[in-house]
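Coordinates from structure.cif are shown below (mmCIF, C-alpha atoms).
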data_start
#
loop_
_atom_site.label_atom_id
_atom_site.label_comp_id
_atom_site.auth_asym_id
_atom_site.auth_seq_id
_atom_site.Cartn_x
_atom_site.Cartn_y
_atom_site.Cartn_z
CA MET J 1 96.01 158.83 88.37
CA LYS J 2 95.75 155.12 87.63
CA ASP J 3 92.73 153.38 89.17
CA ASP J 4 94.08 150.19 90.80
CA ARG J 5 90.70 148.85 91.95
CA PRO J 6 89.93 145.30 90.71
CA VAL J 7 87.41 144.97 87.88
CA MET J 8 84.04 143.85 89.26
CA SER J 9 82.50 140.74 87.70
CA PRO J 10 78.85 140.89 86.55
CA ALA J 11 77.96 138.42 89.32
CA PHE J 12 79.57 140.67 91.94
CA ARG J 13 77.60 143.65 90.65
CA VAL J 14 74.32 141.72 90.74
CA ALA J 15 75.10 140.40 94.24
CA SER J 16 76.03 143.83 95.60
CA ILE J 17 72.93 145.51 94.14
CA ALA J 18 70.68 142.70 95.41
CA VAL J 19 72.10 142.75 98.96
CA LEU J 20 72.03 146.55 99.21
CA ALA J 21 68.50 146.66 97.78
CA ALA J 22 67.46 144.09 100.40
CA VAL J 23 69.01 146.21 103.19
CA THR J 24 67.16 149.25 101.81
CA THR J 25 63.87 147.32 101.84
CA VAL J 26 64.42 146.01 105.37
CA LEU J 27 65.35 149.41 106.79
CA THR J 28 62.46 151.08 104.96
CA ARG J 29 59.85 148.60 106.14
CA LEU J 30 61.18 147.43 109.51
CA VAL J 31 62.54 150.57 111.12
CA GLN J 32 59.95 153.25 111.75
CA ILE J 33 61.01 156.16 113.94
CA PRO J 34 57.97 158.04 115.27
CA THR J 35 58.07 161.81 114.69
CA THR J 36 54.58 163.00 115.58
CA ALA J 37 51.48 161.20 116.83
CA SER J 38 50.71 159.49 113.53
CA ASN J 39 53.81 159.95 111.39
CA TYR J 40 56.95 157.88 111.00
CA ILE J 41 60.23 158.23 109.17
CA ASN J 42 62.22 155.26 107.90
CA LEU J 43 65.94 154.65 107.40
CA GLY J 44 65.89 153.68 103.71
CA ASP J 45 67.66 156.92 102.78
CA VAL J 46 70.57 156.00 105.07
CA VAL J 47 71.37 152.99 102.88
CA ILE J 48 71.02 155.06 99.69
CA VAL J 49 73.55 157.65 100.93
CA PHE J 50 75.81 154.88 102.29
CA THR J 51 75.70 153.04 98.93
CA ALA J 52 76.38 156.23 96.97
CA LEU J 53 79.44 156.99 99.10
CA ILE J 54 80.87 153.46 99.28
CA PHE J 55 79.68 151.65 96.14
CA GLY J 56 79.27 154.54 93.68
CA PRO J 57 76.41 156.20 91.80
CA PHE J 58 75.17 153.27 89.71
CA SER J 59 74.93 150.86 92.65
CA ALA J 60 73.14 153.58 94.64
CA ALA J 61 70.70 154.28 91.80
CA LEU J 62 69.83 150.61 91.28
CA ALA J 63 69.90 149.45 94.91
CA GLY J 64 68.05 152.54 96.18
CA GLY J 65 65.44 152.42 93.44
CA ILE J 66 64.79 148.67 93.57
CA GLY J 67 64.95 148.51 97.40
CA THR J 68 62.42 151.28 97.99
CA ALA J 69 60.19 150.03 95.16
CA LEU J 70 60.11 146.55 96.71
CA ALA J 71 59.38 148.08 100.12
CA ASP J 72 56.36 149.79 98.56
CA LEU J 73 55.28 146.59 96.79
CA LEU J 74 55.43 144.69 100.09
CA SER J 75 53.62 147.46 101.97
CA GLY J 76 50.20 146.59 100.54
CA PRO J 77 47.83 149.50 99.94
CA PHE J 78 50.61 151.90 98.91
CA ALA J 79 52.10 149.47 96.38
CA PHE J 80 51.32 151.77 93.47
CA TRP J 81 54.04 154.15 94.71
CA ALA J 82 56.63 151.51 93.68
CA PRO J 83 57.37 152.92 90.18
CA ILE J 84 57.56 156.44 91.64
CA SER J 85 59.95 155.31 94.39
CA LEU J 86 62.03 153.44 91.81
CA VAL J 87 62.57 156.64 89.82
CA VAL J 88 62.78 159.16 92.69
CA HIS J 89 65.14 157.20 94.96
CA GLY J 90 67.08 155.90 91.97
CA LEU J 91 67.69 159.48 90.85
CA GLN J 92 68.54 160.47 94.44
CA GLY J 93 71.20 157.75 94.71
CA LEU J 94 72.59 158.48 91.26
CA LEU J 95 72.98 162.22 91.89
CA VAL J 96 74.46 161.81 95.38
CA GLY J 97 76.94 159.27 94.00
CA LEU J 98 77.88 161.38 90.97
CA ILE J 99 78.46 164.50 93.06
CA VAL J 100 80.69 162.79 95.64
CA ARG J 101 82.48 160.68 93.02
CA ALA J 102 85.21 163.27 92.33
CA ARG J 103 86.17 163.75 96.01
CA PRO J 104 84.76 160.93 98.16
CA SER J 105 86.44 162.08 101.37
CA ASN J 106 85.27 165.71 101.12
CA VAL J 107 82.64 166.06 103.86
CA PRO J 108 81.15 169.44 102.75
CA LEU J 109 80.75 168.05 99.22
CA ALA J 110 79.06 164.95 100.63
CA ILE J 111 76.66 167.13 102.65
CA LEU J 112 75.90 169.19 99.53
CA ALA J 113 75.27 165.96 97.61
CA GLY J 114 72.95 164.77 100.38
CA ALA J 115 71.06 168.09 100.25
CA VAL J 116 70.63 167.72 96.48
CA GLY J 117 69.37 164.20 97.11
CA ILE J 118 66.82 165.49 99.63
CA VAL J 119 65.56 168.09 97.14
CA ILE J 120 65.21 165.43 94.44
CA MET J 121 63.43 163.02 96.79
CA ALA J 122 61.06 165.50 98.44
CA GLY J 123 60.43 167.30 95.13
CA GLY J 124 59.86 164.07 93.24
CA TYR J 125 57.32 162.78 95.75
CA PHE J 126 55.63 166.21 95.86
CA VAL J 127 55.16 166.34 92.07
CA ALA J 128 54.11 162.68 91.77
CA GLY J 129 51.79 162.99 94.78
CA GLY J 130 50.35 166.18 93.30
CA PHE J 131 49.10 164.27 90.27
CA ILE J 132 47.69 161.39 92.35
CA THR J 133 46.23 163.03 95.46
CA GLY J 134 46.36 166.72 94.53
CA PHE J 135 49.03 169.29 95.37
CA GLY J 136 47.41 170.33 98.68
CA PRO J 137 47.66 166.93 100.38
CA SER J 138 51.01 166.31 98.67
CA LEU J 139 52.44 169.46 100.24
CA THR J 140 51.87 168.06 103.74
CA ALA J 141 54.35 165.22 103.06
CA VAL J 142 57.23 167.56 102.12
CA PRO J 143 58.45 168.43 105.67
CA LEU J 144 58.43 164.76 106.70
CA ASN J 145 60.31 163.73 103.55
CA CYS J 146 62.88 166.47 104.18
CA LEU J 147 63.30 165.29 107.79
CA GLN J 148 63.69 161.70 106.63
CA GLY J 149 66.22 162.77 104.01
CA GLY J 150 68.15 164.83 106.58
CA VAL J 151 68.36 161.89 108.99
CA GLY J 152 69.42 159.75 106.02
CA VAL J 153 72.27 162.09 105.09
CA VAL J 154 73.60 162.46 108.66
CA LEU J 155 73.42 158.75 109.46
CA GLY J 156 74.53 157.74 105.96
CA LEU J 157 77.73 159.81 106.20
CA LEU J 158 78.53 158.48 109.67
CA VAL J 159 77.75 154.86 108.78
CA ALA J 160 79.85 155.06 105.60
CA ALA J 161 82.83 156.29 107.63
CA THR J 162 82.44 153.65 110.35
CA VAL J 163 81.85 150.74 107.95
CA GLU J 164 84.85 151.77 105.85
CA ARG J 165 87.00 151.82 108.98
CA ALA J 166 85.63 148.55 110.40
CA TYR J 167 85.66 146.61 107.10
CA PRO J 168 88.35 148.08 104.78
CA PRO J 169 87.74 145.71 101.77
CA VAL J 170 84.65 147.77 100.84
CA ARG J 171 87.02 150.52 99.59
CA GLN J 172 87.76 148.29 96.59
CA TRP J 173 84.14 147.67 95.68
CA LYS J 174 83.19 150.97 94.07
CA TRP J 175 82.15 150.90 90.39
CA MET T 1 57.65 141.86 108.47
CA ASN T 2 55.10 141.13 105.77
CA LEU T 3 57.04 139.79 102.81
CA GLU T 4 54.24 139.50 100.32
CA LEU T 5 50.76 140.87 99.81
CA TYR T 6 49.75 137.67 98.03
CA ARG T 7 47.11 135.39 99.57
CA GLN T 8 46.57 131.90 98.21
CA GLY T 9 43.21 131.20 96.63
CA THR T 10 41.29 129.68 93.76
CA SER T 11 39.28 132.68 92.59
CA PHE T 12 39.02 133.83 88.98
CA LEU T 13 41.45 136.66 89.81
CA HIS T 14 44.00 134.08 90.99
CA ALA T 15 43.53 132.10 87.78
CA PHE T 16 43.93 135.18 85.58
CA ASP T 17 47.28 135.18 83.78
CA ALA T 18 50.12 137.23 85.32
CA ARG T 19 51.03 138.86 81.99
CA ALA T 20 47.41 139.86 81.34
CA LYS T 21 47.19 141.36 84.84
CA LEU T 22 50.37 143.38 84.31
CA LEU T 23 49.17 144.55 80.90
CA LEU T 24 45.74 145.51 82.24
CA LEU T 25 47.28 147.60 84.99
CA VAL T 26 48.63 150.11 82.44
CA PRO T 27 45.27 151.22 80.91
CA LEU T 28 43.72 151.01 84.38
CA ILE T 29 46.16 153.58 85.78
CA VAL T 30 46.15 155.66 82.58
CA CYS T 31 42.34 155.96 82.53
CA PHE T 32 42.38 157.60 85.98
CA PHE T 33 44.63 160.37 84.66
CA LEU T 34 42.62 161.08 81.51
CA PRO T 35 40.21 164.05 81.64
CA GLN T 36 37.03 162.15 82.43
CA PRO T 37 33.89 163.12 84.37
CA TRP T 38 33.87 161.90 87.95
CA GLU T 39 30.87 159.68 87.20
CA VAL T 40 33.00 157.55 84.84
CA LEU T 41 35.76 157.28 87.45
CA LEU T 42 33.14 156.30 90.03
CA ALA T 43 31.86 153.54 87.75
CA ILE T 44 35.39 152.20 87.16
CA THR T 45 36.29 152.32 90.87
CA ALA T 46 33.00 150.62 91.81
CA ALA T 47 33.67 147.92 89.21
CA ILE T 48 37.16 147.26 90.63
CA MET T 49 35.76 147.06 94.17
CA ALA T 50 32.99 144.72 92.99
CA VAL T 51 35.58 142.44 91.33
CA ILE T 52 37.64 142.33 94.55
CA ALA T 53 34.55 141.63 96.66
CA ALA T 54 33.40 138.86 94.29
CA ALA T 55 36.82 137.21 94.00
CA LEU T 56 38.30 137.67 97.47
CA GLY T 57 35.35 138.60 99.67
CA PRO T 58 34.05 142.02 100.85
CA ARG T 59 36.32 141.98 103.92
CA GLU T 60 39.37 142.31 101.68
CA LEU T 61 38.22 145.84 100.82
CA LEU T 62 38.74 146.97 104.41
CA GLN T 63 42.52 146.49 104.61
CA PRO T 64 43.47 149.08 101.96
CA LEU T 65 40.69 151.40 103.13
CA LYS T 66 42.06 151.42 106.70
CA ALA T 67 45.56 152.22 105.47
CA ILE T 68 44.62 154.99 103.05
CA GLY T 69 41.94 156.53 105.32
CA PRO T 70 44.14 159.43 106.54
CA VAL T 71 45.14 160.28 102.96
CA LEU T 72 41.49 160.31 101.89
CA ILE T 73 40.68 162.74 104.73
CA LEU T 74 43.59 164.98 103.67
CA ILE T 75 42.31 165.00 100.09
CA CYS T 76 38.80 166.00 101.30
CA LEU T 77 40.20 168.80 103.48
CA LEU T 78 42.93 170.23 101.26
CA THR T 79 41.71 169.89 97.68
CA PRO T 80 38.71 172.33 97.73
CA PRO T 81 40.70 175.45 98.78
CA PHE T 82 42.88 175.09 95.66
CA HIS T 83 39.88 175.16 93.29
CA ARG T 84 37.67 178.25 93.69
CA ASP T 85 35.78 178.41 90.39
CA GLY T 86 32.10 177.59 90.01
CA PRO T 87 29.13 178.29 92.29
CA VAL T 88 29.97 178.80 95.97
CA MET T 89 28.50 176.00 98.12
CA LEU T 90 29.99 176.85 101.53
CA ARG T 91 31.13 180.25 102.76
CA VAL T 92 32.64 180.95 106.20
CA PHE T 93 33.27 184.61 107.29
CA GLY T 94 32.97 185.73 103.67
CA LEU T 95 35.57 183.20 102.48
CA ALA T 96 34.45 180.64 99.90
CA LEU T 97 35.52 177.29 101.34
CA LEU T 98 33.74 174.98 98.94
CA THR T 99 32.80 175.62 95.33
CA GLY T 100 31.29 173.42 92.64
CA ASP T 101 34.66 173.13 90.92
CA GLY T 102 36.38 172.28 94.21
CA LEU T 103 33.83 169.58 94.96
CA ARG T 104 34.24 168.06 91.49
CA GLU T 105 38.05 168.10 91.74
CA THR T 106 37.90 166.51 95.21
CA ALA T 107 35.71 163.71 93.85
CA VAL T 108 38.12 163.14 90.94
CA MET T 109 41.16 163.00 93.27
CA LEU T 110 39.41 160.69 95.75
CA LEU T 111 38.27 158.31 93.02
CA ARG T 112 41.68 158.38 91.30
CA PHE T 113 43.46 157.49 94.55
CA LEU T 114 40.90 154.84 95.48
CA GLY T 115 40.80 153.31 92.00
CA ILE T 116 44.58 153.02 91.60
CA THR T 117 44.97 151.69 95.17
CA PHE T 118 42.32 149.00 94.70
CA GLY T 119 43.53 148.13 91.19
CA VAL T 120 47.10 147.51 92.31
CA PHE T 121 45.86 145.77 95.48
CA ALA T 122 43.72 143.36 93.42
CA MET T 123 46.73 142.48 91.28
CA LEU T 124 49.24 141.97 94.08
CA ARG T 125 46.75 140.13 96.32
CA THR T 126 46.31 137.46 93.67
CA LEU T 127 49.76 137.38 92.07
CA PRO T 128 52.85 135.80 93.73
CA LEU T 129 55.93 138.02 93.39
CA ASP T 130 57.78 135.21 91.58
CA ASP T 131 55.06 135.20 88.91
CA LEU T 132 55.25 138.98 88.76
CA VAL T 133 58.96 138.73 87.95
CA LEU T 134 58.29 135.98 85.38
CA GLY T 135 55.67 138.24 83.81
CA LEU T 136 58.12 141.13 83.65
CA ARG T 137 60.67 138.77 82.10
CA TRP T 138 58.07 137.85 79.43
CA PHE T 139 57.79 141.58 78.68
CA ARG T 140 61.55 141.53 77.95
CA LEU T 141 62.86 142.97 81.21
CA PRO T 142 66.60 142.02 81.17
CA TYR T 143 67.54 138.77 82.90
CA ALA T 144 70.01 140.53 85.22
CA ALA T 145 67.29 142.91 86.44
CA CYS T 146 64.91 140.00 87.15
CA LEU T 147 67.72 138.12 88.90
CA VAL T 148 68.42 141.15 91.11
CA MET T 149 64.73 141.28 92.08
CA ILE T 150 64.57 137.56 92.87
CA VAL T 151 67.84 137.55 94.85
CA THR T 152 66.68 140.66 96.74
CA LEU T 153 63.38 138.99 97.66
CA ARG T 154 65.28 135.90 98.86
CA THR T 155 67.76 138.01 100.87
CA ILE T 156 65.18 140.18 102.67
CA PRO T 157 64.12 137.54 105.28
CA SER T 158 67.69 136.77 106.36
CA LEU T 159 68.55 140.46 106.60
CA ALA T 160 65.39 141.13 108.60
CA GLY T 161 66.55 138.36 110.95
CA THR T 162 70.03 139.92 111.15
CA TRP T 163 68.48 143.29 112.05
CA ARG T 164 66.47 141.69 114.89
CA ASN T 165 69.51 139.76 116.18
CA VAL T 166 71.68 142.88 116.19
CA LEU T 167 68.89 144.83 117.92
CA ASP T 168 68.60 142.13 120.62
CA ALA T 169 72.38 141.94 121.07
CA HIS T 170 72.63 145.70 121.55
CA ARG T 171 69.72 145.66 124.01
CA LEU T 172 71.40 142.92 126.05
CA ARG T 173 74.52 145.06 126.26
CA GLY T 174 72.43 147.97 127.50
CA GLY T 175 72.93 149.80 124.25
CA THR T 176 69.77 151.91 124.49
CA PRO T 177 71.13 155.42 125.00
CA ALA T 178 69.83 157.74 127.67
CA LYS T 179 70.53 160.84 125.56
CA GLN T 180 67.55 162.90 124.51
CA GLY T 181 66.72 165.01 121.47
CA ARG T 182 68.31 164.99 118.05
CA ARG T 183 71.44 163.14 119.17
CA LYS T 184 69.27 160.27 120.39
CA ILE T 185 68.51 158.98 116.89
CA VAL T 186 72.18 159.04 115.89
CA ALA T 187 73.35 157.47 119.17
CA ARG T 188 70.70 154.77 119.00
CA TYR T 189 70.85 153.81 115.34
CA LEU T 190 74.50 154.33 114.35
CA PRO T 191 75.85 151.17 116.10
CA LEU T 192 72.88 149.11 114.87
CA LEU T 193 73.20 150.29 111.27
CA THR T 194 76.97 149.77 111.28
CA SER T 195 76.63 146.18 112.51
CA VAL T 196 73.87 145.30 110.03
CA LEU T 197 75.60 146.91 107.06
CA ILE T 198 78.90 145.17 107.82
CA GLU T 199 77.06 141.83 108.02
CA ALA T 200 75.30 142.62 104.74
CA VAL T 201 78.37 143.71 102.75
CA LYS T 202 80.36 140.74 104.06
CA SER T 203 77.81 138.43 102.42
CA ILE T 204 78.30 139.98 98.95
CA PRO T 205 81.44 138.01 97.84
CA ALA T 206 79.89 134.66 98.86
CA LEU T 207 76.67 135.51 97.01
CA ALA T 208 78.65 136.55 93.93
CA MET T 209 80.55 133.25 94.00
CA ALA T 210 77.28 131.33 94.35
CA LEU T 211 75.85 133.14 91.32
CA GLU T 212 78.97 132.44 89.27
CA SER T 213 79.00 128.78 90.26
CA ARG T 214 75.39 128.56 89.02
CA GLY T 215 76.41 129.86 85.63
CA PHE T 216 75.61 133.55 85.83
CA GLY T 217 77.75 135.47 83.34
CA ARG T 218 78.18 132.55 80.92
CA ARG T 219 76.82 132.74 77.40
CA ASN T 220 75.19 129.31 77.33
CA PRO T 221 71.45 129.13 76.56
CA ARG T 222 69.52 129.57 79.81
CA THR T 223 66.91 127.13 81.09
CA ALA T 224 64.24 127.79 83.71
CA TYR T 225 62.13 125.53 85.91
CA ALA T 226 59.45 128.09 86.66
CA GLN T 227 57.29 129.06 83.70
CA LEU T 228 53.98 130.82 83.27
CA LYS T 229 51.07 128.93 81.73
CA LYS T 230 50.80 128.58 77.96
CA GLY T 231 48.08 127.79 75.43
CA GLY T 232 44.34 128.47 75.48
CA ALA T 233 44.08 130.00 78.96
CA PHE T 234 46.79 132.54 78.15
CA PHE T 235 45.09 133.66 74.92
CA ARG T 236 41.69 133.81 76.63
CA ASP T 237 43.09 135.98 79.44
CA MET T 238 44.91 138.23 76.98
CA ALA T 239 41.69 138.68 74.96
CA LEU T 240 39.80 139.56 78.15
CA CYS T 241 42.56 141.97 79.07
CA LEU T 242 42.35 143.74 75.70
CA LEU T 243 38.55 143.92 75.96
CA ALA T 244 38.76 145.40 79.47
CA SER T 245 41.43 147.88 78.30
CA ALA T 246 39.20 149.03 75.46
CA MET T 247 36.27 149.45 77.88
CA LEU T 248 38.44 151.48 80.28
CA LEU T 249 39.79 153.83 77.62
CA TRP T 250 36.63 154.07 75.48
CA PRO T 251 34.84 156.88 77.44
CA ALA T 252 37.91 159.14 77.27
CA PHE T 253 38.36 158.36 73.56
CA VAL T 254 34.71 159.19 72.79
CA ARG T 255 34.94 162.42 74.80
CA TRP T 256 38.13 163.41 72.97
#
Written form, structure tokens:
Amino acid sequence: MKDDRPVMSPAFRVASIAVLAAVTTVLTRLVQIPTTASNYINLGDVVIVFTALIFGPFSAALAGGIGTALADLLSGPFAFWAPISLVVHGLQGLLVGLIVRARPSNVPLAILAGAVGIVIMAGGYFVAGGFITGFGPSLTAVPLNCLQGGVGVVLGLLVAATVERAYPPVRQWKW
Amino acid sequence: MNLELYRQGTSFLHAFDARAKLLLLVPLIVCFFLPQPWEVLLAITAAIMAVIAAALGPRELLQPLKAIGPVLILICLLTPPFHRDGPVMLRVFGLALLTGDGLRETAVMLLRFLGITFGVFAMLRTLPLDDLVLGLRWFRLPYAACLVMIVTLRTIPSLAGTWRNVLDAHRLRGGTPAKQGRRKIVARYLPLLTSVLIEAVKSIPALAMALESRGFGRRNPRTAYAQLKKGGAFFRDMALCLLASAMLLWPAFVRW
């Protein structure tokens, strides 16, 4: 089937990645949903799933990676997680986007892609954290990361559907 | 929302070249992962803390310590049970809770986490993010990647403002849902996220046009207003950086 989407200019690609990375940073740093007495989850994963579904795997990899890395850099004491977030969330966005690329409107496939993304994200942070803080303390972050990823997948799927319906031009912006 | 860790100042850390700081960060992080005795890691961590205290004041050490406190406690509690070799130092109901090996590994993990945290903190506290990007550009990071970082940093404040405006607008309309449980998060955040994301994606074409009108995508030679310092100070800082790198990696090299 012929792809009749317009060719994206380099400036459009840079602009889309920059804006989506900024949204990822804002939702990672600004929105903190309390789960237990001292723990929070953020909504950065929502934007990664949304970007993967609407803008494609490469936008999701770059925007998700750069956005979460900048959120870590701006966070202060946890700034050294930035390179890890860049790789882990970049890989998460890339895989989610690549899996849903063949059939974007297939909801079970999108949920499967989101689950793969959660495994990559939680597993990536577990392994990286294991080398930095030890595998015992790193294990305690896994349930929270899975919860955050789950909320990200559910909200990401819903937001992608609503944004696509409310603002149809985004359907042409995948690359 | 805190947009930068950087604090203005005139200390020697502020004057240290951005490229030298970035370069020094690599051996600093690497040395904490090399198989070294905990005493060496303690000396390096103490040196980093002393540099921060001398350049920025002892109070600056408290901010990262407060934030990473819970992680440090977790390391102290959860590392010893995973390492059971060596002489038993604490036994409860016949179960060895703390061994010599466990204690040593806990010290290594604590010092690694502290050292990397303070090392990165010292860099970002004294380095504006614009200089960080210029430094990365000097290390041959592609122009498009640096541009994405700069545009993202410039876009964050306006998007943070959009998020607050949308939040206020939804509150005024009585948009806070009364539903409880798992559906509460979806019911509360879905309208907010939809509004903010539509606002954000609508701004993409205008931003792309602005970038094109400023010459992005053309093949002309590029000029830049912002530049890092050149000349003697740069070479001095690079020499200091190489000396410090050698000192950081020397104990592991000798041991190997």
Spell out the residues picked by the PyMOL selection byres ((chain J and resi 66) around 9) here, as a count of residues only. 24
Using only C-alpha atoms, which residues of chain J come within 7 Å of chain T, and what is the closest atom pair for each, with the distance in Å to one decimal? Give it as a tab-separated table, sorted by chain and residue number.
residue	atom	partner	partner_atom	distance
J:Pro10	CA	T:Gly217	CA	6.4
J:Ala11	CA	T:Ala208	CA	5.0
J:Phe12	CA	T:Ala208	CA	4.7
J:Val14	CA	T:Val148	CA	5.9
J:Ala15	CA	T:Ala208	CA	5.2
J:Ser16	CA	T:Ile204	CA	5.6
J:Ile17	CA	T:Val148	CA	7.0
J:Ala18	CA	T:Thr152	CA	4.7
J:Val19	CA	T:Thr152	CA	6.2
J:Ala21	CA	T:Thr152	CA	6.4
J:Ala22	CA	T:Ile156	CA	5.1
J:Val23	CA	T:Leu159	CA	6.7
J:Val26	CA	T:Ala160	CA	5.9
J:Leu30	CA	T:Met1	CA	6.7
J:Leu74	CA	T:Glu4	CA	5.3
J:Gly76	CA	T:Leu5	CA	5.8
J:Pro77	CA	T:Pro64	CA	4.8
J:Phe78	CA	T:Thr117	CA	6.8
J:Ala79	CA	T:Val120	CA	6.7
J:Phe80	CA	T:Val120	CA	6.1
J:Ile132	CA	T:Phe113	CA	6.2
J:Thr133	CA	T:Met109	CA	5.5
J:Gly134	CA	T:Thr79	CA	6.4
J:Gly136	CA	T:Leu78	CA	5.2
J:Pro137	CA	T:Leu74	CA	5.6
J:Leu155	CA	T:Val186	CA	6.6
J:Val159	CA	T:Thr194	CA	5.7
J:Thr162	CA	T:Thr194	CA	6.8
J:Val163	CA	T:Thr194	CA	6.0
J:Tyr167	CA	T:Ile198	CA	6.9
Dump of C-alpha atoms for the selected residues, as a PDB file, keeping the file's coordinate frame:
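Output file result_37.pdb is given in full below:
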ATOM      1  CA  PRO J  10      78.850 140.890  86.550  1.00  0.00           C
ATOM      2  CA  ALA J  11      77.960 138.420  89.320  1.00  0.00           C
ATOM      3  CA  PHE J  12      79.570 140.670  91.940  1.00  0.00           C
ATOM      4  CA  VAL J  14      74.320 141.720  90.740  1.00  0.00           C
ATOM      5  CA  ALA J  15      75.100 140.400  94.240  1.00  0.00           C
ATOM      6  CA  SER J  16      76.030 143.830  95.600  1.00  0.00           C
ATOM      7  CA  ILE J  17      72.930 145.510  94.140  1.00  0.00           C
ATOM      8  CA  ALA J  18      70.680 142.700  95.410  1.00  0.00           C
ATOM      9  CA  VAL J  19      72.100 142.750  98.960  1.00  0.00           C
ATOM     10  CA  ALA J  21      68.500 146.660  97.780  1.00  0.00           C
ATOM     11  CA  ALA J  22      67.460 144.090 100.400  1.00  0.00           C
ATOM     12  CA  VAL J  23      69.010 146.210 103.190  1.00  0.00           C
ATOM     13  CA  VAL J  26      64.420 146.010 105.370  1.00  0.00           C
ATOM     14  CA  LEU J  30      61.180 147.430 109.510  1.00  0.00           C
ATOM     15  CA  LEU J  74      55.430 144.690 100.090  1.00  0.00           C
ATOM     16  CA  GLY J  76      50.200 146.590 100.540  1.00  0.00           C
ATOM     17  CA  PRO J  77      47.830 149.500  99.940  1.00  0.00           C
ATOM     18  CA  PHE J  78      50.610 151.900  98.910  1.00  0.00           C
ATOM     19  CA  ALA J  79      52.100 149.470  96.380  1.00  0.00           C
ATOM     20  CA  PHE J  80      51.320 151.770  93.470  1.00  0.00           C
ATOM     21  CA  ILE J 132      47.690 161.390  92.350  1.00  0.00           C
ATOM     22  CA  THR J 133      46.230 163.030  95.460  1.00  0.00           C
ATOM     23  CA  GLY J 134      46.360 166.720  94.530  1.00  0.00           C
ATOM     24  CA  GLY J 136      47.410 170.330  98.680  1.00  0.00           C
ATOM     25  CA  PRO J 137      47.660 166.930 100.380  1.00  0.00           C
ATOM     26  CA  LEU J 155      73.420 158.750 109.460  1.00  0.00           C
ATOM     27  CA  VAL J 159      77.750 154.860 108.780  1.00  0.00           C
ATOM     28  CA  THR J 162      82.440 153.650 110.350  1.00  0.00           C
ATOM     29  CA  VAL J 163      81.850 150.740 107.950  1.00  0.00           C
ATOM     30  CA  TYR J 167      85.660 146.610 107.100  1.00  0.00           C
TER      31      TYR J 167
END
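Note that the spacing between atom CA of Leu22 of chain T and atom CA of Glu60 of chain T amounts to 20.6 Å.
Put simply, atom CA of Val96 of chain J is 19.2 Å away from atom CA of Leu27 of chain J.
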Identify, on the basis of all atoms listed in the file, every residue whose closest approach to segment 7-20 of chain T does not exceed 10 Å; exclude the query and any residue fewer than 2 positions from it along the same chain; express the result as number ranges by chain. T: 4-5, 22-25, 51-52, 54-56, 122-129, 131-139, 228-230, 233-242
Expanded to explicit residues, what is the PyMOL selection byres ((chain J and resi 170) around 10) for this file, as a ChimeraX atom specification? /J:54-55,160,163-169,171-174 /T:198,201-202
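Nearest residue to Val151 of chain J, choosing from T:Asp85, T:Lys184, T:Asp101, T:Glu39 and counting all atoms listed in the file: T:Lys184.
Here atom CA of Val46 of chain J and atom CA of Leu109 of chain J stand 16.8 Å from one another.
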For segment 125-127 of chain J: contacts at 9 Å, all atoms listed in the file, fewer than 6 positions along chain excluded, given as a PyMOL selection string: chain J and resi 84-85+88+135+138-142+145
Going by the chain IDs and residue numbers used in this file, which residues fall under the PyMOL selection byres ((chain J and resi 92) around 12)? Write them as a PyMOL selection string. chain J and resi 44-49+51-52+57-65+68+85-91+93-99+113-125+149+152-153
Just need the box for segment 5-12 of chain T, edges along x, y and z, holding every atom the file lists for it with 5 Å tacked onto each side, so centre and edge lengths in Å to one decimal, as JSON.
{"center_x": 44.9, "center_y": 135.3, "center_z": 94.4, "size_x": 21.7, "size_y": 21.2, "size_z": 20.8}
Considering only C-alpha atoms, state which residue in the set J:Leu158, J:Arg101, J:Leu73, J:Pro143 is at the smallest distance from Ile41 of chain J. J:Pro143
